[in-house]
file model.cif (mmCIF, C-alpha atoms)
data_run
#
loop_
_atom_site.label_atom_id
_atom_site.label_comp_id
_atom_site.auth_asym_id
_atom_site.auth_seq_id
_atom_site.Cartn_x
_atom_site.Cartn_y
_atom_site.Cartn_z
CA MET A 1 179.45 140.69 -27.57
CA LEU A 2 179.66 141.61 -31.26
CA GLU A 3 183.10 143.13 -30.65
CA HIS A 4 184.26 139.75 -29.32
CA TRP A 5 183.14 137.96 -32.47
CA TRP A 6 185.08 140.45 -34.61
CA VAL A 7 188.26 139.88 -32.60
CA ILE A 8 187.78 136.10 -32.80
CA ALA A 9 187.18 136.16 -36.57
CA GLY A 10 190.04 138.59 -37.23
CA LEU A 11 192.52 136.67 -35.12
CA ALA A 12 191.46 133.34 -36.67
CA VAL A 13 191.90 134.59 -40.25
CA ALA A 14 195.20 136.34 -39.48
CA THR A 15 196.64 133.37 -37.58
CA PHE A 16 195.71 130.88 -40.26
CA SER A 17 197.18 133.16 -42.93
CA ILE A 18 200.44 133.37 -40.98
CA ARG A 19 200.53 129.58 -40.60
CA LEU A 20 199.78 128.93 -44.26
CA SER A 21 202.13 131.56 -45.66
CA GLY A 22 204.97 130.27 -43.46
CA TYR A 23 204.62 126.88 -45.10
CA LEU A 24 204.15 128.27 -48.62
CA VAL A 25 207.24 130.46 -48.36
CA GLY A 26 209.27 127.70 -46.68
CA ALA A 27 208.29 125.16 -49.34
CA ARG A 28 209.58 127.43 -52.12
CA LEU A 29 213.05 127.87 -50.67
CA PRO A 30 215.94 125.57 -51.65
CA THR A 31 216.24 122.31 -49.70
CA ASP A 32 220.04 122.24 -49.58
CA GLY A 33 222.97 124.52 -48.76
CA GLY A 34 222.56 127.57 -46.57
CA TRP A 35 218.75 127.59 -46.58
CA ALA A 36 218.66 123.98 -45.36
CA ARG A 37 221.15 124.76 -42.59
CA ALA A 38 219.08 127.79 -41.57
CA PHE A 39 215.86 125.74 -41.44
CA ASN A 40 217.56 122.98 -39.45
CA ALA A 41 218.81 125.52 -36.93
CA LEU A 42 215.49 127.38 -36.76
CA PRO A 43 213.70 125.31 -34.06
CA GLY A 44 216.54 125.64 -31.54
CA CYS A 45 217.06 129.32 -32.35
CA LEU A 46 213.38 130.14 -31.96
CA ILE A 47 213.07 128.25 -28.67
CA ALA A 48 216.27 129.89 -27.35
CA ALA A 49 214.84 133.33 -28.27
CA LEU A 50 211.47 132.44 -26.71
CA LEU A 51 213.14 131.40 -23.44
CA THR A 52 215.25 134.56 -23.46
CA VAL A 53 212.16 136.75 -23.75
CA ILE A 54 210.30 134.78 -21.04
CA LEU A 55 213.25 134.97 -18.63
CA ILE A 56 213.96 138.66 -19.24
CA GLN A 57 210.39 139.35 -18.19
CA GLY A 58 210.89 137.24 -15.04
CA GLU A 59 212.91 137.95 -11.90
CA TRP A 60 215.59 136.16 -9.89
CA GLN A 61 213.15 133.44 -8.83
CA GLU A 62 212.49 132.52 -12.46
CA TRP A 63 216.21 132.69 -13.32
CA GLY A 64 217.06 130.42 -10.40
CA ALA A 65 214.33 127.96 -11.34
CA ALA A 66 215.49 128.03 -14.97
CA GLY A 67 219.04 127.18 -13.85
CA ILE A 68 217.77 124.29 -11.74
CA ALA A 69 215.51 123.06 -14.57
CA LEU A 70 218.45 123.25 -17.00
CA SER A 71 220.64 121.08 -14.77
CA ILE A 72 217.83 118.52 -14.48
CA ALA A 73 217.37 118.61 -18.27
CA VAL A 74 221.11 118.11 -18.86
CA VAL A 75 221.32 115.20 -16.43
CA THR A 76 218.01 113.39 -17.09
CA ARG A 77 217.02 114.53 -20.63
CA SER A 78 213.47 114.04 -19.35
CA LEU A 79 210.67 116.45 -20.25
CA PRO A 80 208.29 115.54 -17.38
CA ALA A 81 211.10 115.58 -14.77
CA THR A 82 212.29 118.99 -15.97
CA MET A 83 208.75 120.40 -15.87
CA ILE A 84 208.02 119.06 -12.37
CA VAL A 85 211.33 120.24 -10.88
CA GLY A 86 211.05 123.63 -12.64
CA VAL A 87 207.55 124.30 -11.31
CA LEU A 88 208.50 123.12 -7.79
CA ALA A 89 211.66 125.24 -7.84
CA VAL A 90 209.88 128.43 -8.87
CA TRP A 91 207.15 127.81 -6.27
CA ILE A 92 209.73 127.31 -3.49
CA LEU A 93 211.83 130.30 -4.55
CA ARG A 94 208.79 132.59 -4.75
CA ASN A 95 207.22 131.52 -1.47
CA PHE A 96 209.95 130.37 0.90
CA VAL A 97 213.23 132.10 0.01
CA MET B 1 202.41 97.79 -29.53
CA ILE B 2 199.52 96.26 -31.47
CA ARG B 3 200.87 94.38 -34.46
CA ASN B 4 198.60 95.52 -37.25
CA LEU B 5 198.89 99.16 -36.43
CA SER B 6 200.03 101.11 -39.46
CA ASP B 7 203.02 103.44 -39.35
CA GLN B 8 200.69 106.41 -39.40
CA SER B 9 198.70 105.22 -36.37
CA GLN B 10 201.88 104.50 -34.46
CA ASP B 11 203.20 107.95 -35.30
CA PHE B 12 199.87 109.48 -34.23
CA ILE B 13 199.79 107.57 -30.93
CA ALA B 14 203.42 108.44 -30.19
CA GLY B 15 202.52 112.12 -30.67
CA VAL B 16 199.61 111.85 -28.23
CA ARG B 17 201.78 109.99 -25.70
CA ASP B 18 204.75 112.36 -25.87
CA VAL B 19 202.63 115.49 -25.62
CA THR B 20 200.85 114.35 -22.44
CA PRO B 21 203.14 116.15 -19.94
CA LEU B 22 202.80 119.31 -22.02
CA ALA B 23 199.04 118.82 -22.16
CA PHE B 24 198.98 119.32 -18.38
CA GLY B 25 200.69 122.67 -18.90
CA VAL B 26 198.19 123.53 -21.61
CA ALA B 27 195.33 122.56 -19.27
CA ILE B 28 196.55 125.05 -16.67
CA TYR B 29 196.85 127.78 -19.29
CA GLY B 30 193.44 126.79 -20.62
CA LEU B 31 191.79 127.26 -17.23
CA ALA B 32 193.61 130.57 -16.77
CA PHE B 33 192.51 131.73 -20.21
CA GLY B 34 188.93 130.68 -19.49
CA LEU B 35 189.00 132.86 -16.35
CA LEU B 36 190.23 135.79 -18.39
CA ALA B 37 187.62 135.20 -21.10
CA ALA B 38 184.90 135.27 -18.44
CA GLN B 39 186.25 138.63 -17.24
CA ALA B 40 186.04 139.90 -20.82
CA GLY B 41 182.37 138.92 -20.87
CA MET B 42 182.87 135.95 -23.20
CA ASP B 43 180.64 132.91 -22.68
CA GLY B 44 181.57 129.24 -23.02
CA MET B 45 180.46 129.13 -26.65
CA GLN B 46 182.60 132.10 -27.75
CA THR B 47 185.56 130.77 -25.79
CA GLY B 48 185.23 127.35 -27.44
CA VAL B 49 184.87 128.77 -30.95
CA MET B 50 187.91 131.00 -30.40
CA GLY B 51 190.01 128.05 -29.23
CA ALA B 52 189.02 125.94 -32.22
CA VAL B 53 189.50 128.54 -34.95
CA VAL B 54 192.49 130.49 -33.56
CA PHE B 55 194.25 127.67 -31.65
CA ALA B 56 197.19 129.78 -30.52
CA GLY B 57 197.03 130.05 -26.73
CA SER B 58 199.39 132.88 -26.00
CA SER B 59 197.89 135.16 -28.65
CA GLN B 60 194.37 134.39 -27.40
CA ILE B 61 195.48 135.32 -23.87
CA VAL B 62 197.08 138.57 -25.02
CA ALA B 63 194.14 139.60 -27.23
CA VAL B 64 191.54 138.91 -24.53
CA GLU B 65 193.69 140.59 -21.88
CA ARG B 66 193.64 143.73 -24.09
CA ILE B 67 189.83 143.50 -24.26
CA VAL B 68 189.66 143.23 -20.46
CA ALA B 69 192.02 146.21 -20.20
CA GLY B 70 189.57 148.21 -22.32
CA ALA B 71 192.02 148.73 -25.20
CA GLY B 72 189.37 148.04 -27.83
CA ALA B 73 188.93 145.39 -30.51
CA TYR B 74 191.53 146.78 -32.92
CA ALA B 75 194.33 146.93 -30.31
CA ALA B 76 193.37 143.45 -29.09
CA LEU B 77 193.62 142.09 -32.61
CA ILE B 78 197.00 143.71 -33.37
CA ALA B 79 198.50 142.42 -30.10
CA GLY B 80 197.25 138.91 -30.79
CA ILE B 81 198.56 138.91 -34.37
CA ALA B 82 201.98 140.26 -33.34
CA LEU B 83 202.40 137.36 -30.95
CA ASN B 84 201.71 134.87 -33.74
CA LEU B 85 204.41 136.07 -36.13
CA ARG B 86 206.73 133.36 -34.86
CA ILE B 87 204.31 130.71 -36.20
CA PHE B 88 205.41 131.78 -39.69
CA LEU B 89 208.84 130.39 -38.88
CA ILE B 90 207.33 127.28 -37.27
CA THR B 91 205.31 126.25 -40.33
CA ALA B 92 208.21 127.25 -42.59
CA SER B 93 210.42 124.74 -40.76
CA LEU B 94 207.74 122.04 -41.24
CA ARG B 95 207.85 122.29 -45.02
CA SER B 96 209.05 118.72 -45.60
CA GLU B 97 206.19 117.31 -43.44
CA PHE B 98 203.46 119.00 -45.49
CA LYS B 99 204.94 118.68 -48.96
CA GLU B 100 203.21 116.24 -51.30
CA ARG B 101 200.29 115.69 -48.94
CA PRO B 102 196.63 116.06 -49.96
CA LEU B 103 195.38 119.63 -49.53
CA TRP B 104 193.18 118.81 -46.52
CA GLN B 105 196.10 117.19 -44.70
CA MET B 106 198.32 120.17 -45.39
CA LEU B 107 195.64 122.60 -44.15
CA LEU B 108 194.94 120.48 -41.04
CA GLY B 109 198.64 120.16 -40.21
CA VAL B 110 199.24 123.87 -40.73
CA HIS B 111 196.32 124.75 -38.43
CA LEU B 112 197.48 122.35 -35.70
CA ALA B 113 201.12 123.49 -35.78
CA GLY B 114 202.01 125.18 -32.50
CA ASP B 115 204.99 125.70 -30.22
CA GLU B 116 204.57 122.50 -28.25
CA ASN B 117 203.95 119.81 -30.87
CA TRP B 118 206.40 121.38 -33.31
CA ALA B 119 209.16 121.57 -30.71
CA LEU B 120 208.45 117.99 -29.58
CA LEU B 121 208.69 116.73 -33.16
CA HIS B 122 212.13 118.25 -33.61
CA ALA B 123 213.30 117.14 -30.16
CA LYS B 124 212.19 113.56 -30.85
CA ARG B 125 214.07 113.51 -34.16
CA ALA B 126 217.18 115.05 -32.62
CA GLY B 127 217.13 112.15 -30.15
CA GLY B 128 217.14 109.68 -33.05
CA GLY B 129 213.39 108.88 -32.84
CA LYS B 130 210.97 108.74 -35.74
CA ALA B 131 208.38 111.49 -35.89
CA GLY B 132 206.50 112.77 -38.92
CA TYR B 133 203.26 114.40 -40.02
CA TRP B 134 200.94 112.16 -37.98
CA TYR B 135 203.05 112.67 -34.86
CA LEU B 136 202.50 116.41 -35.23
CA VAL B 137 198.76 115.94 -35.89
CA GLY B 138 198.28 113.46 -33.00
CA ALA B 139 200.00 115.77 -30.54
CA GLY B 140 198.18 118.79 -32.02
CA LEU B 141 194.71 117.21 -31.76
CA CYS B 142 195.40 116.12 -28.19
CA LEU B 143 196.39 119.69 -27.31
CA MET B 144 193.33 121.08 -29.15
CA LEU B 145 191.03 118.78 -27.15
CA VAL B 146 192.63 119.75 -23.83
CA TRP B 147 192.63 123.43 -24.80
CA LEU B 148 188.92 123.40 -25.69
CA LEU B 149 187.86 121.43 -22.59
CA THR B 150 189.83 123.59 -20.17
CA THR B 151 189.17 127.02 -21.71
CA VAL B 152 185.42 126.36 -21.89
CA SER B 153 185.39 125.03 -18.30
CA GLY B 154 187.47 127.99 -17.17
CA ALA B 155 185.03 130.43 -18.73
CA SER B 156 182.04 128.56 -17.34
CA PHE B 157 183.31 127.98 -13.77
CA ALA B 158 185.51 131.03 -13.35
CA GLN B 159 184.89 131.56 -9.63
CA ALA B 160 185.98 128.11 -8.47
CA LEU B 161 189.58 128.21 -9.79
CA PRO B 162 192.91 129.01 -8.07
CA GLU B 163 195.40 131.41 -9.65
CA PRO B 164 198.13 129.40 -11.51
CA ARG B 165 200.93 131.81 -10.60
CA ALA B 166 200.41 131.24 -6.88
CA LEU B 167 201.28 127.56 -7.43
CA GLY B 168 204.26 128.18 -9.74
CA LEU B 169 202.37 126.56 -12.61
CA ASP B 170 202.92 129.53 -14.93
CA PHE B 171 206.56 128.30 -15.14
CA ALA B 172 205.54 124.93 -16.66
CA PHE B 173 206.18 125.98 -20.26
CA ALA B 174 209.47 127.72 -19.59
CA ALA B 175 210.66 124.45 -17.98
CA ALA B 176 209.30 122.42 -20.89
CA PHE B 177 211.16 124.56 -23.43
CA ILE B 178 214.38 124.17 -21.44
CA ALA B 179 213.99 120.37 -21.66
CA ILE B 180 213.20 120.55 -25.38
CA LEU B 181 216.19 122.80 -26.06
CA ARG B 182 218.38 120.29 -24.25
CA SER B 183 217.21 117.47 -26.51
CA LEU B 184 217.75 119.62 -29.62
CA CYS B 185 221.43 119.95 -28.74
CA ARG B 186 223.16 117.18 -30.69
CA ARG B 187 226.64 118.63 -30.92
CA ALA B 188 228.43 121.65 -29.52
CA SER B 189 228.19 123.58 -32.80
CA ASP B 190 224.37 123.54 -32.56
CA VAL B 191 224.62 126.00 -29.72
CA LEU B 192 226.43 128.78 -31.61
CA PRO B 193 223.39 130.02 -33.60
CA TRP B 194 221.32 129.86 -30.39
CA GLY B 195 223.82 132.25 -28.82
CA PHE B 196 223.13 134.76 -31.59
CA SER B 197 219.37 134.33 -31.12
CA ILE B 198 219.65 134.83 -27.36
CA ALA B 199 221.91 137.88 -27.69
CA ALA B 200 219.77 139.46 -30.42
CA SER B 201 216.41 138.96 -28.71
CA ALA B 202 217.82 140.10 -25.33
CA THR B 203 219.34 143.22 -26.91
CA LEU B 204 216.10 144.05 -28.71
CA VAL B 205 213.95 143.57 -25.60
CA LEU B 206 216.29 145.45 -23.24
CA LEU B 207 217.55 148.28 -25.43
CA THR B 208 214.79 149.05 -27.92
CA PRO B 209 211.08 149.80 -27.53
CA ILE B 210 210.27 146.85 -29.84
CA GLU B 211 207.47 144.42 -28.82
CA PRO B 212 208.87 141.24 -27.19
CA SER B 213 207.07 139.08 -29.78
CA TRP B 214 208.91 140.88 -32.61
CA ALA B 215 212.18 140.55 -30.70
CA LEU B 216 211.55 136.82 -30.39
CA ALA B 217 210.85 136.30 -34.10
CA LEU B 218 213.77 138.51 -35.20
CA GLY B 219 216.16 136.82 -32.75
CA GLY B 220 215.09 133.36 -33.94
CA ALA B 221 215.46 134.31 -37.61
CA LEU B 222 218.88 135.91 -37.02
CA GLY B 223 220.28 132.80 -35.35
CA ALA B 224 218.97 130.62 -38.18
CA GLY B 225 220.50 133.07 -40.68
CA VAL B 226 223.87 132.76 -38.95
CA ALA B 227 223.61 128.95 -39.21
CA GLY B 228 222.79 129.32 -42.90
CA VAL B 229 225.69 131.63 -43.71
CA TRP B 230 228.27 129.94 -41.51
CA SER B 231 228.81 126.54 -43.10
CA HIS B 232 230.40 124.92 -40.03
CA ALA B 233 227.27 125.40 -37.94
#
call {"tool": "encode", "arguments": {"input": "model.cif", "output": "structure tokens"}}
result
Amino acid sequence: MLEHWWVIAGLAVATFSIRLSGYLVGARLPTDGGWARAFNALPGCLIAALLTVILIQGEWQEWGAAGIALSIAVVTRSLPATMIVGVLAVWILRNFV
Amino acid sequence: MIRNLSDQSQDFIAGVRDVTPLAFGVAIYGLAFGLLAAQAGMDGMQTGVMGAVVFAGSSQIVAVERIVAGAGAYAALIAGIALNLRIFLITASLRSEFKERPLWQMLLGVHLAGDENWALLHAKRAGGGKAGYWYLVGAGLCLMLVWLLTTVSGASFAQALPEPRALGLDFAFAAAFIAILRSLCRRASDVLPWGFSIAASATLVLLTPIEPSWALALGGALGAGVAGVWSHA
């Protein structure tokens, strides 16, 4: 039990430090030119990298479902629709194909 | 919309409303994490405290999974921290939201910043919508509430729950990020830096023994760097 509290405390302190230092470093960088372009591009880049890592760890069912979800996202631009179709697609591909 | 509602309240409510579909995904992860926490011998109280003070779902899952695997507290901590490195880039990209705010608001916003509400904020803006600090906080508090309720219930009623993977629900976030990426794409040139991020993180994961969470952060930073250096991006 005590071990759990140490992990909780350590992870809380470390995570908050990461969050705070990200902001403090970001706030000290220039707000125009190359740095601004990099920060504007950061969300998309990070999400693209996150999806890449998730999908590499998946198999053909996940890749297929991702393709289907992407076409729904392109056509509808809807977050709930993409989530529902993506989950349904992966469930069908895993269980019935 | 109620007439006298201030801009801040409207922003806050919009955040809560827009995050609702993602909150369902978080609820599923919360129940799954609660199950795992119960296996690690954590009670409802420890699970709740962890959710409130760490508030980073994937790192909590990884750290507790390491405890269940018997890897020890130190290994659990390192794994959890490694997974959170990307949050450095998330709060860095929120610099204009936190600047010139009272200290408590900055600290609250920083603590509530996570993948889902941060990505939603940027997606909403890319679509031409208004979203600021209170949007982030509204969505973040909603996610915190759902996370606490579901993780504590998961830990307390572990036996009664189905396995999310069997229902395909583990794919909910991957699908959500696909939708968010779509709304972040304003013009064709936005996609070029993403290509670098995808290629870099894929190369690192497939060809080097590097941890996937490092590959993710490095890939994201590289793509952003390309956008910064290449002035047409």
call {"tool": "residues_near_point", "arguments": {"input": "model.cif", "point": "(223.2, 116.8, -28.8)", "cutoff": "12 Å", "atoms": "only C-alpha atoms", "output": "compact mmCIF listing (two decimals) with C-alpha atoms, in the frame of the given file"}}
result
# COMPACT_ATOMS: atom_id res chain seq x y z
CA GLY A 44 216.54 125.64 -31.54
CA VAL A 74 221.11 118.11 -18.86
CA ARG A 77 217.02 114.53 -20.63
CA ALA B 123 213.30 117.14 -30.16
CA LYS B 124 212.19 113.56 -30.85
CA ARG B 125 214.07 113.51 -34.16
CA ALA B 126 217.18 115.05 -32.62
CA GLY B 127 217.13 112.15 -30.15
CA GLY B 128 217.14 109.68 -33.05
CA ILE B 180 213.20 120.55 -25.38
CA LEU B 181 216.19 122.80 -26.06
CA ARG B 182 218.38 120.29 -24.25
CA SER B 183 217.21 117.47 -26.51
CA LEU B 184 217.75 119.62 -29.62
CA CYS B 185 221.43 119.95 -28.74
CA ARG B 186 223.16 117.18 -30.69
CA ARG B 187 226.64 118.63 -30.92
CA ALA B 188 228.43 121.65 -29.52
CA SER B 189 228.19 123.58 -32.80
CA ASP B 190 224.37 123.54 -32.56
CA VAL B 191 224.62 126.00 -29.72
call {"tool": "resolve_selection", "arguments": {"input": "model.cif", "expression": "the PyMOL selection byres ((chain B and resi 57-64) around 8)", "output": "ChimeraX atom specification"}}
result
/A:7 /B:29-30,33,36-37,40,50-51,54-56,65-68,75-81,83-84
call {"tool": "resolve_selection", "arguments": {"input": "model.cif", "expression": "the PyMOL selection byres ((chain A) within 6 of (chain B))", "output": "NGL selection string"}}
result
:A and (7-8 or 12 or 18-19 or 22-23 or 26-27 or 34-35 or 37-39 or 41-42 or 45-46 or 48-50 or 52 or 73 or 79-80 or 83 or 86-87 or 90-91)
call {"tool": "axis_aligned_box", "arguments": {"input": "model.cif", "around": "stretch 52-64 of chain B", "padding_each_side": "5 Å", "output": "AutoDock Vina command-line options"}}
result
--center_x 194.2 --center_y 132.8 --center_z -29.4 --size_x 20.4 --size_y 23.7 --size_z 21.1
call {"tool": "closest_residue", "arguments": {"input": "model.cif", "among": "B:Leu207, B:Leu149, B:Leu108, B:Met45", "to": "B:Trp134", "atoms": "all atoms listed in the file"}}
result
B:Leu108
call {"tool": "atom_distance", "arguments": {"input": "model.cif", "atom1": "atom CA of A:Ala89", "atom2": "atom CA of A:Ala65"}}
result
5.2 Å
call {"tool": "atom_distance", "arguments": {"input": "model.cif", "atom1": "atom CA of B:Thr208", "atom2": "atom CA of A:Glu59"}}
result
19.6 Å
call {"tool": "atom_distance", "arguments": {"input": "model.cif", "atom1": "atom CA of A:Ile68", "atom2": "atom CA of B:Asn117"}}
result
24.0 Å
